[in-house]
file data.tsv (TSV, C-alpha atoms)
chain	number	residue	atom	x	y	z
A	1	MET	CA	0.00	0.00	0.00
A	2	GLY	CA	1.22	3.55	-0.78
A	3	GLN	CA	1.79	6.45	1.52
A	4	PRO	CA	-1.17	8.02	3.32
A	5	PRO	CA	-2.73	10.93	1.46
A	6	CYS	CA	-1.49	14.39	2.17
A	7	ILE	CA	-3.91	16.53	4.23
A	8	VAL	CA	-4.46	19.78	2.36
A	9	ILE	CA	-5.29	23.09	4.02
A	10	ALA	CA	-7.02	25.57	1.68
A	11	GLY	CA	-8.80	28.87	2.11
A	12	PRO	CA	-8.68	32.54	1.26
A	13	PRO	CA	-6.00	34.96	2.43
A	14	GLY	CA	-6.39	35.52	6.17
A	15	SER	CA	-8.08	32.20	6.88
A	16	GLY	CA	-5.09	30.96	8.89
A	17	LYS	CA	-3.48	28.41	6.56
A	18	SER	CA	0.10	29.37	7.44
A	19	THR	CA	-0.65	29.33	11.17
A	20	VAL	CA	-3.00	26.35	11.40
A	21	GLY	CA	-1.10	24.10	8.98
A	22	PRO	CA	2.08	23.73	11.09
A	23	LEU	CA	0.04	23.37	14.29
A	24	LEU	CA	-2.10	20.61	12.74
A	25	ALA	CA	1.00	18.81	11.46
A	26	GLN	CA	2.55	18.99	14.93
A	27	ARG	CA	-0.66	17.67	16.49
A	28	LEU	CA	-0.77	14.75	14.03
A	29	GLY	CA	2.97	14.09	14.26
A	30	VAL	CA	3.53	14.55	10.52
A	31	PRO	CA	5.66	16.95	8.44
A	32	PHE	CA	4.35	20.32	7.28
A	33	ARG	CA	4.82	21.85	3.85
A	34	ASP	CA	3.61	25.15	2.37
A	35	SER	CA	3.23	25.44	-1.40
A	36	ASP	CA	4.04	29.16	-1.25
A	37	ASP	CA	7.43	28.32	0.35
A	38	ASP	CA	8.04	25.76	-2.40
A	39	ILE	CA	7.26	28.38	-5.07
A	40	VAL	CA	9.65	30.92	-3.53
A	41	ALA	CA	12.37	28.26	-3.26
A	42	ARG	CA	11.87	27.14	-6.86
A	43	ALA	CA	11.71	30.66	-8.33
A	44	GLY	CA	14.38	32.14	-6.05
A	45	ARG	CA	12.29	35.25	-5.44
A	46	PRO	CA	9.20	36.39	-3.53
A	47	ILE	CA	5.69	35.70	-4.80
A	48	ALA	CA	4.91	39.43	-5.13
A	49	GLU	CA	7.91	39.74	-7.44
A	50	ILE	CA	6.79	36.78	-9.56
A	51	PHE	CA	3.36	38.42	-9.94
A	52	ALA	CA	4.89	41.79	-10.82
A	53	ASP	CA	7.56	40.52	-13.24
A	54	ASP	CA	5.92	37.48	-14.84
A	55	GLY	CA	2.18	38.01	-14.23
A	56	GLU	CA	-0.47	35.93	-12.52
A	57	PRO	CA	-0.72	33.23	-15.26
A	58	ALA	CA	2.99	32.39	-14.90
A	59	PHE	CA	2.64	32.29	-11.12
A	60	ARG	CA	-0.42	30.01	-11.31
A	61	ALA	CA	1.38	27.60	-13.67
A	62	LEU	CA	4.31	27.36	-11.25
A	63	GLU	CA	1.91	26.97	-8.33
A	64	GLU	CA	0.06	24.10	-10.04
A	65	GLU	CA	3.36	22.34	-10.79
A	66	VAL	CA	4.62	22.70	-7.20
A	67	ILE	CA	1.33	21.44	-5.73
A	68	ALA	CA	1.26	18.43	-8.08
A	69	GLU	CA	4.72	17.46	-6.82
A	70	ALA	CA	3.80	18.02	-3.17
A	71	LEU	CA	0.62	15.93	-3.46
A	72	ALA	CA	2.60	13.10	-5.05
A	73	GLU	CA	5.46	12.99	-2.55
A	74	HIS	CA	4.31	14.56	0.75
A	75	ASP	CA	2.49	12.55	3.41
A	76	GLY	CA	1.88	15.27	5.96
A	77	VAL	CA	-0.02	18.55	6.00
A	78	LEU	CA	0.19	20.82	2.95
A	79	SER	CA	-1.03	24.42	3.00
A	80	VAL	CA	-1.81	25.77	-0.46
A	81	GLY	CA	-2.12	29.37	-1.59
A	82	GLY	CA	-5.52	31.04	-1.55
A	83	GLY	CA	-6.02	30.82	-5.31
A	84	ALA	CA	-4.45	27.39	-5.82
A	85	VAL	CA	-7.78	25.55	-5.89
A	86	LEU	CA	-8.92	27.60	-8.89
A	87	ALA	CA	-6.72	25.50	-11.21
A	88	GLU	CA	-8.67	22.64	-12.74
A	89	GLY	CA	-5.62	20.37	-12.63
A	90	THR	CA	-5.18	21.01	-8.91
A	91	GLN	CA	-8.88	20.36	-8.28
A	92	LYS	CA	-8.55	16.94	-9.96
A	93	ARG	CA	-5.37	16.12	-8.02
A	94	LEU	CA	-7.08	16.92	-4.70
A	95	VAL	CA	-9.57	14.08	-5.16
A	96	GLY	CA	-8.76	11.37	-2.63
A	97	HIS	CA	-7.02	13.75	-0.25
A	98	PRO	CA	-8.60	15.14	2.90
A	99	VAL	CA	-9.04	18.84	2.05
A	100	VAL	CA	-9.73	21.22	4.91
A	101	PHE	CA	-11.37	24.48	3.88
A	102	LEU	CA	-10.63	27.19	6.44
A	103	ASN	CA	-13.58	29.50	6.00
A	104	VAL	CA	-13.17	33.11	7.12
A	105	GLY	CA	-15.76	35.86	7.05
A	106	PHE	CA	-15.13	39.19	5.38
A	107	ALA	CA	-14.58	41.22	8.57
A	108	ALA	CA	-12.22	38.71	10.18
A	109	GLY	CA	-10.34	38.19	6.91
A	110	VAL	CA	-9.82	41.91	6.34
A	111	GLN	CA	-8.61	42.33	9.92
A	112	ARG	CA	-6.14	39.44	9.56
A	113	VAL	CA	-4.65	40.30	6.17
A	114	GLY	CA	-4.51	43.98	6.99
A	115	LEU	CA	-4.97	44.46	3.25
A	116	SER	CA	-1.23	44.13	2.88
A	117	THR	CA	0.49	45.15	-0.33
A	118	ALA	CA	2.62	42.02	0.10
A	119	ARG	CA	-0.47	40.19	-1.18
A	120	PRO	CA	-0.44	40.87	-4.93
A	121	LEU	CA	-4.14	40.23	-5.52
A	122	LEU	CA	-5.11	42.77	-2.86
A	123	ALA	CA	-2.90	45.56	-4.14
A	124	GLY	CA	-4.87	48.26	-5.91
A	125	VAL	CA	-7.37	51.04	-5.53
A	126	ASN	CA	-9.93	49.34	-3.29
A	127	PRO	CA	-8.46	46.30	-1.51
A	128	ARG	CA	-11.58	45.81	0.67
A	129	ALA	CA	-13.80	45.47	-2.41
A	130	THR	CA	-11.21	43.24	-4.06
A	131	TYR	CA	-11.11	41.00	-0.98
A	132	ARG	CA	-14.92	40.79	-0.83
A	133	SER	CA	-15.19	39.80	-4.50
A	134	LEU	CA	-12.34	37.29	-4.08
A	135	LEU	CA	-14.19	35.64	-1.17
A	136	GLU	CA	-17.48	35.51	-3.07
A	137	ALA	CA	-15.94	34.14	-6.27
A	138	ARG	CA	-13.85	31.46	-4.58
A	139	LEU	CA	-16.31	30.21	-1.94
A	140	PRO	CA	-18.06	27.70	-4.26
A	141	VAL	CA	-14.68	26.36	-5.43
A	142	TYR	CA	-13.36	25.91	-1.89
A	143	ARG	CA	-16.55	24.08	-0.95
A	144	SER	CA	-16.43	21.86	-4.03
A	145	VAL	CA	-12.93	20.54	-3.23
A	146	ALA	CA	-13.27	20.40	0.57
A	147	THR	CA	-13.98	17.27	2.54
A	148	ILE	CA	-14.03	19.30	5.77
A	149	GLU	CA	-15.05	22.93	6.33
A	150	VAL	CA	-14.07	24.76	9.50
A	151	SER	CA	-15.02	28.34	10.31
A	152	THR	CA	-12.07	30.30	11.66
A	153	ASP	CA	-13.94	33.42	12.78
A	154	ASP	CA	-13.71	34.04	16.54
A	155	ARG	CA	-11.54	30.96	17.09
A	156	THR	CA	-7.95	30.66	18.22
A	157	PRO	CA	-5.53	28.60	16.12
A	158	ALA	CA	-5.63	25.87	18.79
A	159	GLU	CA	-9.44	25.74	18.64
A	160	ILE	CA	-9.30	25.48	14.85
A	161	VAL	CA	-6.79	22.62	15.05
A	162	ASP	CA	-9.05	20.85	17.60
A	163	ALA	CA	-12.03	21.20	15.24
A	164	ILE	CA	-10.02	19.85	12.28
A	165	ALA	CA	-8.67	16.92	14.29
A	166	ARG	CA	-12.23	15.99	15.36
A	167	GLU	CA	-13.46	16.17	11.75
A	168	LEU	CA	-10.52	14.13	10.47
A	169	ALA	CA	-11.21	11.44	13.10
A	170	LEU	CA	-14.88	11.35	12.04
A	171	GLU	CA	-13.88	11.14	8.38
A	172	GLU	CA	-11.61	8.17	9.10
A	173	THR	CA	-14.39	6.22	10.85
A	174	GLN	CA	-16.83	6.60	7.96

call {"tool": "encode", "arguments": {"input": "data.tsv", "output": "structure tokens"}}
result
Amino acid sequence: MGQPPCIVIAGPPGSGKSTVGPLLAQRLGVPFRDSDDDIVARAGRPIAEIFADDGEPAFRALEEEVIAEALAEHDGVLSVGGGAVLAEGTQKRLVGHPVVFLNVGFAAGVQRVGLSTARPLLAGVNPRATYRSLLEARLPVYRSVATIEVSTDDRTPAEIVDAIARELALEETQ
């Protein structure tokens, strides 16, 4: 039998992927990996720079490639970028993996991301409106790939990890 499937953490910017992912991995006693870190390592430059110099399509192609590799070789927890699940190839590759959708409401998300210019998709004239439309457009996609959905609003990272661990245990018994 092959390696256990990678547990994928997905969600919009500010949902807590980079915080919750390592904590969940620690709780489960498995390695953690972040696709954004893999992209930066592969490209040798920050994501904002890739967006600015090469454009979003080039970034998304690299992201899809990095995630395909991680899903094939990683047996721990993998956090993926907020827009990663938009790629059809990634959606297909996620089948068979536990996918945790960290859902965050608009107000909590805006507070957490601080509408940082380090986030290329939120740079611009009206980052609040951009964030709102991003949440609305991506919500159905997150839900379509998720096997578990956990709300992160008004919860500490530890409470989120507890909720995920409970859901994963339930999923395993079904």

call {"tool": "closest_atom_pairs", "arguments": {"input": "data.tsv", "of": "region 17-89 of chain A", "to": "region 143-157 of chain A", "cutoff": "8 Å", "atoms": "all atoms listed in the file", "output": "Markdown table"}}
result
| residue | atom | partner | partner_atom | distance |
| --- | --- | --- | --- | --- |
| A:Thr19 | CA | A:Pro157 | CA | 7.0 |
| A:Val20 | CA | A:Pro157 | CA | 5.8 |
| A:Leu23 | CA | A:Pro157 | CA | 7.9 |
| A:Val85 | CA | A:Val145 | CA | 7.7 |

call {"tool": "residues_near_point", "arguments": {"input": "data.tsv", "point": "(-7.5, 21.2, -5.6)", "cutoff": "9 Å", "atoms": "all atoms listed in the file", "output": "count of residues only"}}
result
21

call {"tool": "atom_distance", "arguments": {"input": "data.tsv", "atom1": "CA of Leu62 (chain A)", "atom2": "CA of Arg42 (chain A)"}}
result
8.7 Å

call {"tool": "closest_residue", "arguments": {"input": "data.tsv", "among": "A:Val77, A:Ile50, A:Ala169, A:Gly83", "to": "His97 (chain A)", "atoms": "all atoms listed in the file"}}
result
A:Val77

call {"tool": "atom_distance", "arguments": {"input": "data.tsv", "atom1": "CA of Val110 (chain A)", "atom2": "CA of Arg132 (chain A)"}}
result
8.9 Å

call {"tool": "closest_residue", "arguments": {"input": "data.tsv", "among": "A:Phe59, A:Phe106, A:Phe32, A:Phe101", "to": "Arg45 (chain A)", "atoms": "all atoms listed in the file"}}
result
A:Phe59

call {"tool": "atom_distance", "arguments": {"input": "data.tsv", "atom1": "CA of Val161 (chain A)", "atom2": "CA of Pro31 (chain A)"}}
result
15.2 Å

call {"tool": "residues_near_point", "arguments": {"input": "data.tsv", "point": "(-10.8, 32.3, 4.6)", "cutoff": "9 Å", "atoms": "only C-alpha atoms", "output": "VMD selection string"}}
result
chain A and resid 10 to 17 82 101 to 106 108 to 109 135 139 151 to 153

call {"tool": "closest_residue", "arguments": {"input": "data.tsv", "among": "A:Ala43, A:Leu170, A:Cys6, A:Ala129", "to": "Glu73 (chain A)", "atoms": "only C-alpha atoms"}}
result
A:Cys6

call {"tool": "closest_residue", "arguments": {"input": "data.tsv", "among": "A:Val113, A:Leu78, A:Ala70, A:Ala58", "to": "Val30 (chain A)", "atoms": "only C-alpha atoms"}}
result
A:Leu78

call {"tool": "closest_residue", "arguments": {"input": "data.tsv", "among": "A:Gly81, A:Val66, A:Gly44, A:Leu71", "to": "Pro98 (chain A)", "atoms": "all atoms listed in the file"}}
result
A:Leu71

call {"tool": "closest_residue", "arguments": {"input": "data.tsv", "among": "A:Glu136, A:Glu167, A:Pro57, A:Asp162", "to": "Arg27 (chain A)", "atoms": "only C-alpha atoms"}}
result
A:Asp162

call {"tool": "axis_aligned_box", "arguments": {"input": "data.tsv", "around": "region 135-149 of chain A", "padding_each_side": "4 Å", "output": "lines of an AutoDock Vina configuration file"}}
result
center_x = -15.5
center_y = 26.5
center_z = 0.0
size_x = 13.1
size_y = 26.4
size_z = 20.6
